[in-house]
Each structure stands twice: as structure tokens, then as C-alpha cells.
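**Student:** My questions will all concern the structure given below.
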Amino acid sequence: MTGRSRIAKCLENLRAAGKKGLIAFITAGDPGLAGTVEIVRHVAEAGADLIELGIPFSDPIADGPVIQMASARALAAGATLPGILEAVREIKKVCTKPLLLMGYYNPIYRFGIRQFAAAASVAGVDGLIVPDLPYEETRPLREAATEKGMDLIYLVAPVTPDRRLMKIAAEASGFIYCISVTGVTGARREIDTDLAAFTGRVRRYTALPLALGFGISGPEQALKASAYCDAVVVGSALVKAVAECSDAAAAGLAAGQLVARIRAALDSLKGSF
Ligand SMILES: O=P(O)(O)OC[C@@H](O)[C@@H](O)c1c[nH]c2ccccc12
């Protein structure tokens, strides 16, 4: 990659402004791909700094029931990888925020790694998260992504040993995604991981921004988590808000409202760290 990625620049600008980032996850294709474009527009306008779009998959092993069900609905509604890339193009017309695609490896591998990286970057994707791709297997995709100016975002968990953290940190770009709990995506009443110790351990190996995600569902949890990271990720709570609405217009408003509440909580900290 020549120079810093759009994702890195976005997070650096936030840091310089004394602000915490908000990454909003939405499952692509639920309810329908046109609906996704509408929802992402609202979420971006409401104050999300980065958009993470999930590619629905039949075996979403890292996902809890809310995103599993959204994936199943999206597949039933006909979402495909080419269709999602088309939706990304549409999103890019109405939203200037950096965009990440989260997807399991199988559909990407079948599409062809180089073909996928090329098609994703042409569509306007800035980074990829592939949760079932172990670090040892990331090289072909990382190289293909990097060549196209995209970051491959690595995930680390509280149980990731130091020697593995060190290797991951050496390859990572954009930011490192710190999984706040050992388990799947989804709302939790409490995050009982020692986040200070966990993120402190990750920071020993990297100067990249850290994002914390899994289990953050509202303003209070986001505010608490933000003390230990540069950006928080909110997924299942938004996907649930979308699922509870009867159409995409209502879903856009509901998701936007939740993002606005979380944004306000994060901004209440501005400059105080
Ligand atoms: O849903 P949560 O608990 O808010 O967690 C974020 C998450 O949804 C999003 O980043 C994500 C959705 N599916 C994933 C799979 C792996 C890693 C991350 C993800």
C-alpha cells in the first residue's frame, strides 16, 4: 500500500481531535440490499465514523443469534456477493465514511481472492474482516488487499497469547479489532473481561488504533469500553433495531437513533483523555 489507508487516516484524525470512533455494523441484504443502502446512509449521518457491512453466510460461526438470523433473512431475500458489491457502490454515492466488509472466507475464496480484492476495491471497500481466517492463512488475502489499498483487519481476543499478538501486530494495518469477550457476537448485560489489562497487553505490541467490539449494545457500555480503545464497534444492537422494524425506512430511522445516542455518549468524553 502506498501511504496510509482511509481507515487509518480516519482513526488518526479522530485521535487528533480527541474523539472516540464509532464503527457501526449492519448485515448486508436485511431487509434487501436497497434497504441496506438506506440504513447505512442514516447510520452514517447519525454519526458513525466507519461502516462495517456483513456479508451474510450460511455458517456464521462467530455470530450470535441476532446476526445469524439476519444473515438467514438476507440470504433468503437473495443477497449475493456481487449484489453486495453493487450495494457498496450505491452506498459510496451517499456516504463518505470508510467502509469495511466483514465476511467469512468461503464465499471470498470461491469468488477468487485476487478477483474479490479487485472487485471490492473498485466498489469502494476500504478494509476487510474475515473472522474464520486464521492468522497463519492470511497472507494471500492480505497481499491482494494491500495491493488494492485495503486493510485486512486482524482480530485478537483476551485469550490470544502474547507471542501470537506479537506476530499479528507485525502484520496488521488500519486498526486491530479487540474482541471484548470469549464467545460470539451479541448483546451482553456485562462485559466481565478486564479490558484495561487486555488492551494494555495489545498496546505493548502495536501503535495502531484499537477497536473494541462484541457485546457493546448501548451508550453506557460504549462509553465504558471507549476508555480502553480508540473506537467501539456496535453490531447486534443495530441489527436487532433493524429487525424490529417493518420496512427499511423505519429501520434506517431506528438504527440512526441508536447511533446518535451512542455518538452523544462518546462525545461527552471529548478531549478528556
Ligand atoms: O454484535 P456485537 O456484539 O455488537 O459485535 C460486533 C459485531 O457485530 C461485528 O463487528 C461483527 C459481526 N459479525 C462478526 C464476526 C466476527 C467479528 C466481528 C463481527
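Here, A, B, ... name the chains of the C-alpha cells in the order displayed, residue numbers run from 1 inside each chain, and ligands are numbered from 1 in the same displayed order.
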Which protein, DNA or RNA residues have an atom within 6 Å of ligand 1, counting only C-alpha atoms and all ligand atoms, as an MDAnalysis selection string?

**Tutor:** chainID A and resid 25 62:63 131 185:187 213:217 233:236

**Student:** Do you know which residues are at most 10 Å from Ile39 of chain A counting only C-alpha atoms, after dropping those on the same chain fewer than 4 positions away, and could you put them as a ChimeraX atom specification?

**Tutor:** /A:26,28,30-31,33-35,43-45,91,238,242,248-256

**Student:** From a backbone DSSP assignment, name each residue in segment 162-195 of chain A labelled strand (DSSP E), as a VMD selection string.

**Tutor:** chain A and resid 176 to 179

**Student:** Show me a table, sorted first by chain and then by increasing residue number, of the residues of segment 120-187 of chain A having an atom at most 6 Å from segment 92-113 of chain A, each with its shortest atom pair and the distance in Å to one decimal, counting only C-alpha atoms and written as JSON lines.

**Tutor:**
{"residue": "A:Val125", "atom": "CA", "partner": "A:Leu99", "partner_atom": "CA", "distance": 5.4}
{"residue": "A:Asp126", "atom": "CA", "partner": "A:Leu99", "partner_atom": "CA", "distance": 5.3}
{"residue": "A:Gly127", "atom": "CA", "partner": "A:Leu100", "partner_atom": "CA", "distance": 4.6}
{"residue": "A:Leu128", "atom": "CA", "partner": "A:Leu101", "partner_atom": "CA", "distance": 4.9}
{"residue": "A:Ile129", "atom": "CA", "partner": "A:Met102", "partner_atom": "CA", "distance": 4.5}
{"residue": "A:Val130", "atom": "CA", "partner": "A:Gly103", "partner_atom": "CA", "distance": 5.2}
{"residue": "A:Asp132", "atom": "CA", "partner": "A:Tyr104", "partner_atom": "CA", "distance": 5.9}

**Student:** Write out as a VMD selection string the residues lying within 8 Å of segment 208-210 of chain A, counting only C-alpha atoms and excluding same-chain residues fewer than 6 positions away.

**Tutor:** chain A and resid 8 11 to 12 173 to 178 199 229 to 231

**Student:** I'd like the contact shell of Gly78 of chain A - 12 Å cut-off, only C-alpha atoms, skipping same-chain residues fewer than 2 positions apart - returned as JSON, numbers by chain.

**Tutor:** {"A": [28, 29, 30, 31, 32, 33, 34, 55, 56, 57, 71, 72, 73, 74, 75, 76, 80, 81, 82, 83, 84]}

**Student:** Please produce an output containing C-alpha atoms for each residue in the selection, written as an mmCIF file, in the first residue's frame.

**Tutor:**
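File written: out_14.cif
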data_model
loop_
_atom_site.group_PDB
_atom_site.id
_atom_site.type_symbol
_atom_site.label_atom_id
_atom_site.label_comp_id
_atom_site.auth_asym_id
_atom_site.auth_seq_id
_atom_site.Cartn_x
_atom_site.Cartn_y
_atom_site.Cartn_z
ATOM 1 C CA ALA A 28 -25.984 -6.560 4.148
ATOM 2 C CA GLY A 29 -29.253 -7.539 2.491
ATOM 3 C CA ASP A 30 -31.577 -7.466 5.501
ATOM 4 C CA PRO A 31 -34.203 -6.241 4.582
ATOM 5 C CA GLY A 32 -32.997 -6.333 0.980
ATOM 6 C CA LEU A 33 -29.963 -4.599 -0.491
ATOM 7 C CA ALA A 34 -31.764 -1.344 -1.293
ATOM 8 C CA ILE A 55 -21.719 -10.471 4.052
ATOM 9 C CA PRO A 56 -24.438 -12.972 5.012
ATOM 10 C CA PHE A 57 -23.255 -16.584 5.181
ATOM 11 C CA SER A 71 -27.844 -13.497 7.724
ATOM 12 C CA ALA A 72 -30.503 -16.144 7.104
ATOM 13 C CA ARG A 73 -33.077 -13.471 6.192
ATOM 14 C CA ALA A 74 -30.621 -11.715 3.867
ATOM 15 C CA LEU A 75 -29.774 -14.973 2.073
ATOM 16 C CA ALA A 76 -33.466 -15.817 1.769
ATOM 17 C CA THR A 80 -25.174 -12.435 -3.132
ATOM 18 C CA LEU A 81 -21.588 -11.232 -3.036
ATOM 19 C CA PRO A 82 -21.824 -9.434 -6.424
ATOM 20 C CA GLY A 83 -25.111 -7.879 -5.289
ATOM 21 C CA ILE A 84 -23.483 -6.657 -2.082
#

**Student:** Go through A:Thr27, A:Ser58, A:Thr206, A:Gln115 one by one, measure the shortest atom-to-atom distance of each to Ala237 of chain A using only C-alpha atoms, and give the residue with the smallest value.

**Tutor:**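 Among the listed residues, the smallest separation from Ala237 of chain A belongs to A:Thr27.
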
**Student:** Under the rule that only C-alpha atoms are counted, which of A:Ala211, A:Ala123, A:Met69, A:Leu223 is the nearest residue to Ile179 of chain A?

**Tutor:**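 Closest residue, counting only C-alpha atoms: A:Ala211.
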
**Student:** For atom CA of Arg41 of chain A and atom CA of Val122 of chain A, quote the distance in Å rounded to one decimal.

**Tutor:**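 We find that atom CA of Arg41 of chain A and atom CA of Val122 of chain A lie 19.7 Å from each other.
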
**Student:** Rank nothing, just name the residue among A:Val184, A:Ala196, A:Thr160, A:Glu143 nearest to Ala172 of chain A, using only C-alpha atoms.

**Tutor:**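 Closest to Ala172 of chain A, using only C-alpha atoms: A:Glu143.
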
**Student:** One number please: atom CA of Ala24 of chain A to atom CA of Lys224 of chain A, in Å, one decimal.

**Tutor:**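 Here the two named atoms are 17.0 Å from each other.
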
**Student:** Residues of segment 137-224 of chain A classed as alpha helix (DSSP H) by DSSP on the backbone are to be reported as a PyMOL selection string.

**Tutor:** chain A and resi 139-147+162-171+195-203+219-224

**Student:** Point out the residue among A:Ala157, A:Ile7, A:Leu85, A:Ala79 with the least atom-to-atom distance to Leu50 of chain A, counting only C-alpha atoms.

**Tutor:**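 Ranking A:Ala157, A:Ile7, A:Leu85, A:Ala79 by distance to Leu50 of chain A, first place goes to A:Ile7.
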
**Student:** Mind pulling up the distance from atom CA of Gly21 of chain A to atom CA of Arg201 of chain A?

**Tutor:**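 Here the two named atoms are 20.6 Å from each other.
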
**Student:** Nearest to Ala264 of chain A among A:Val40, A:Leu165, A:Ala46, A:Val202, with distances taken over only C-alpha atoms: which residue is it?

**Tutor:**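 Ranking A:Val40, A:Leu165, A:Ala46, A:Val202 by distance to Ala264 of chain A, first place goes to A:Ala46.
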
**Student:** Using only C-alpha atoms, can you tell me which of A:Glu136, A:Gly54, A:Ala265, A:Ala117 comes closest to Lys167 of chain A?

**Tutor:**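 Checking each of A:Glu136, A:Gly54, A:Ala265, A:Ala117 against Lys167 of chain A, counting only C-alpha atoms, the winner is A:Glu136.
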